[in-house]
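Each remark here refers to the structure printed beneath this line.
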Amino acid sequence: MPVKRTIPYTHGTFFITFTCHQWLPLIDKIEGYDIVYNWFIYLKNQGHYINGYVIMPNHIHVLISFINTGQNINTIIGNGKRFMAYEIISRLKQNNEMELLTTLSDHVEAKRKQNNKQHEVWELSFDWKECRSKEFILQKLYYMHANPCSKKWNLCDSPVEYLHSSAKFYLTGEQGIYPGSNFMDMEDVEFLQRGSVPE
């Protein structure tokens with residue numbers, strides 16, 4: 001379940017999960033996978049590393065190595081969620097999804113409406129796990145890559161077949177839609193200083 005604990009670190013590798021409001025398949029509804037990739041690109045341009053991911057119809061699992069940019073990791077995630085929410089709402093409006101927009105609007109808490117929040121696209125909190133060992137990272141990569149093949153989803157027969165995932169890269173060496181970084185390369189990264197943008 002998502003938690004409201006603040007990440008008390010400015011750098012490191014984390015397994016992050018956030019979910020669409022009420023588990024609604026908003027990402028799939030608008031074919032919004034590119035919106036998530038654009039966020040990944042933004043993070044990369046800031047010097048961070050996307051080490052693994054799966055973008056599901058209603059939630060995202062991502063393994064991110066954050067360098068210290070002087071910005072709180074919770075703020076980085078929060079800004080990303082806001083950026084993607086804006087784009088998702090824009091496409092829902094373009095597609096005239098009025099019933100869905102009304103649902104997302106009706107679920108905004110009164111206090112947040114006072115701060116001009118108009119739609120609740122994501123669950124308010126997100127889940128995070130700090131990754132300190134190779135074994136733990138491999139466990140999380142296996143979990144996220146297997147997600148599309150689970151009985152609940154049944155989106156593909158093999159993790160390699162799912163387009164919006166880093167499984168293909170880790171299992172075959174061939175990059176998928178988004179060219180991520182191998183977590184094994186993170187041992188050579190200086191997290192305490194702002195690093196150069198990865199190739």
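In the structure tokens, each chain is lettered A, B, ... as it comes, each chain's residues begin at 1, and ligands are numbered from 1 in order of appearance.
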Could you give me, as an MDAnalysis selection string, the residues within 12 Å of Ile77 in chain A, counting only C-alpha atoms and dropping anything in the same chain fewer than 4 positions from it?
chainID A and resid 6:7 14:18 39:40 42:43 62 64 66 71:73 81:84 122 124:128
Pick out each residue of range 20-193 of chain A that DSSP on the backbone tags as alpha helix (DSSP H); I need them as a PyMOL selection string.
chain A and resi 26-29+33-45+73-94+98-106+110-114+134-146+167-172
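In this model, the gap between CA of Asn147 in chain A and CA of Val54 in chain A comes to 7.9 Å.
Rounded to one decimal, CA of Gly12 in chain A and CA of Tyr162 in chain A lie 27.6 Å from each other.
Within the 9 Å cut-off around Asp106 in chain A, using only C-alpha atoms and omitting residues fewer than 4 positions from it on the same chain, the listed residues are Leu101, Thr102, Gln118, His119 and Glu120 of chain A.
Distances here use only C-alpha atoms; by that measure, the residue among A:Ile88, A:Arg5, A:Thr19, A:Met56 closest to Leu155 in chain A is A:Met56.
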Fewer than 4 positions away in the same chain doesn't count, so skip those; otherwise give me all residues within 7 Å of Ser166 in chain A, counting only C-alpha atoms, as a VMD selection string.
chain A and resid 52 to 54 170 176
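The coordinates place CA of Asn79 in chain A at 16.7 Å from CA of His21 in chain A.
The environment of Ile137 in chain A within 10 Å, counting only C-alpha atoms and disregarding residues fewer than 2 places along the same chain, consists of Thr13, Phe14, Phe15, Asn51, Gly52, Leu63, Lys129, Glu130, Cys131, Arg132, Ser133, Lys134, Glu135, Gln139, Lys140, Leu141, Tyr142, Tyr143, Phe183 and Met184 of chain A.
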DSSP on the backbone: which residues in chain A end up as strand (DSSP E or B)? Give the answer as a PyMOL selection string.
chain A and resi 3+12-20+49-55+59-66+122+126-130+165
With C-alpha atoms retained, write the just-selected residues as a PDB file, in the first residue's frame.
ATOM      1  CA  VAL A   3       2.706   5.238   2.392  1.00  0.00           C
ATOM      2  CA  GLY A  12      20.526   6.766  -3.539  1.00  0.00           C
ATOM      3  CA  THR A  13      18.646   4.050  -5.394  1.00  0.00           C
ATOM      4  CA  PHE A  14      14.932   3.615  -4.710  1.00  0.00           C
ATOM      5  CA  PHE A  15      12.092   1.411  -5.888  1.00  0.00           C
ATOM      6  CA  ILE A  16       9.157   3.792  -6.378  1.00  0.00           C
ATOM      7  CA  THR A  17       5.503   2.931  -6.996  1.00  0.00           C
ATOM      8  CA  PHE A  18       2.620   5.289  -7.594  1.00  0.00           C
ATOM      9  CA  THR A  19      -0.916   4.538  -8.620  1.00  0.00           C
ATOM     10  CA  CYS A  20      -3.729   6.254 -10.474  1.00  0.00           C
ATOM     11  CA  TYR A  49      19.262   7.222 -13.698  1.00  0.00           C
ATOM     12  CA  ILE A  50      16.267   5.067 -14.620  1.00  0.00           C
ATOM     13  CA  ASN A  51      17.491   1.545 -13.792  1.00  0.00           C
ATOM     14  CA  GLY A  52      14.265  -0.340 -14.394  1.00  0.00           C
ATOM     15  CA  TYR A  53      10.572   0.248 -14.912  1.00  0.00           C
ATOM     16  CA  VAL A  54       7.197  -1.080 -15.872  1.00  0.00           C
ATOM     17  CA  ILE A  55       4.342   1.225 -16.859  1.00  0.00           C
ATOM     18  CA  HIS A  59       0.285   2.341 -11.955  1.00  0.00           C
ATOM     19  CA  ILE A  60       4.026   2.738 -12.379  1.00  0.00           C
ATOM     20  CA  HIS A  61       6.932   0.843 -10.835  1.00  0.00           C
ATOM     21  CA  VAL A  62      10.322   2.439 -11.368  1.00  0.00           C
ATOM     22  CA  LEU A  63      13.822   1.881 -10.020  1.00  0.00           C
ATOM     23  CA  ILE A  64      15.607   5.245  -9.878  1.00  0.00           C
ATOM     24  CA  SER A  65      19.133   6.136  -8.820  1.00  0.00           C
ATOM     25  CA  PHE A  66      18.988   9.728  -7.614  1.00  0.00           C
ATOM     26  CA  TRP A 122      -2.928   9.938  -8.562  1.00  0.00           C
ATOM     27  CA  PHE A 126       3.418   6.721  -3.067  1.00  0.00           C
ATOM     28  CA  ASP A 127       5.363   3.675  -1.972  1.00  0.00           C
ATOM     29  CA  TRP A 128       9.152   3.641  -1.802  1.00  0.00           C
ATOM     30  CA  LYS A 129      11.830   1.197  -0.802  1.00  0.00           C
ATOM     31  CA  GLU A 130      15.495   2.042  -0.473  1.00  0.00           C
ATOM     32  CA  SER A 165       9.028  -2.312 -19.425  1.00  0.00           C
TER      33      SER A 165
END
Mind checking which residues fall within 8 Å of range 159-161 of chain A, counting only C-alpha atoms, ignoring those fewer than 4 positions away in the same chain, and posting them as a VMD selection string?
chain A and resid 145 to 146 148 to 149 165 167 to 168 171
All residues 12 Å or closer to Leu92 in chain A, only C-alpha atoms, same chain fewer than 3 positions away omitted, as a ChimeraX atom specification
/A:26-32,85-89,95-104,119,121
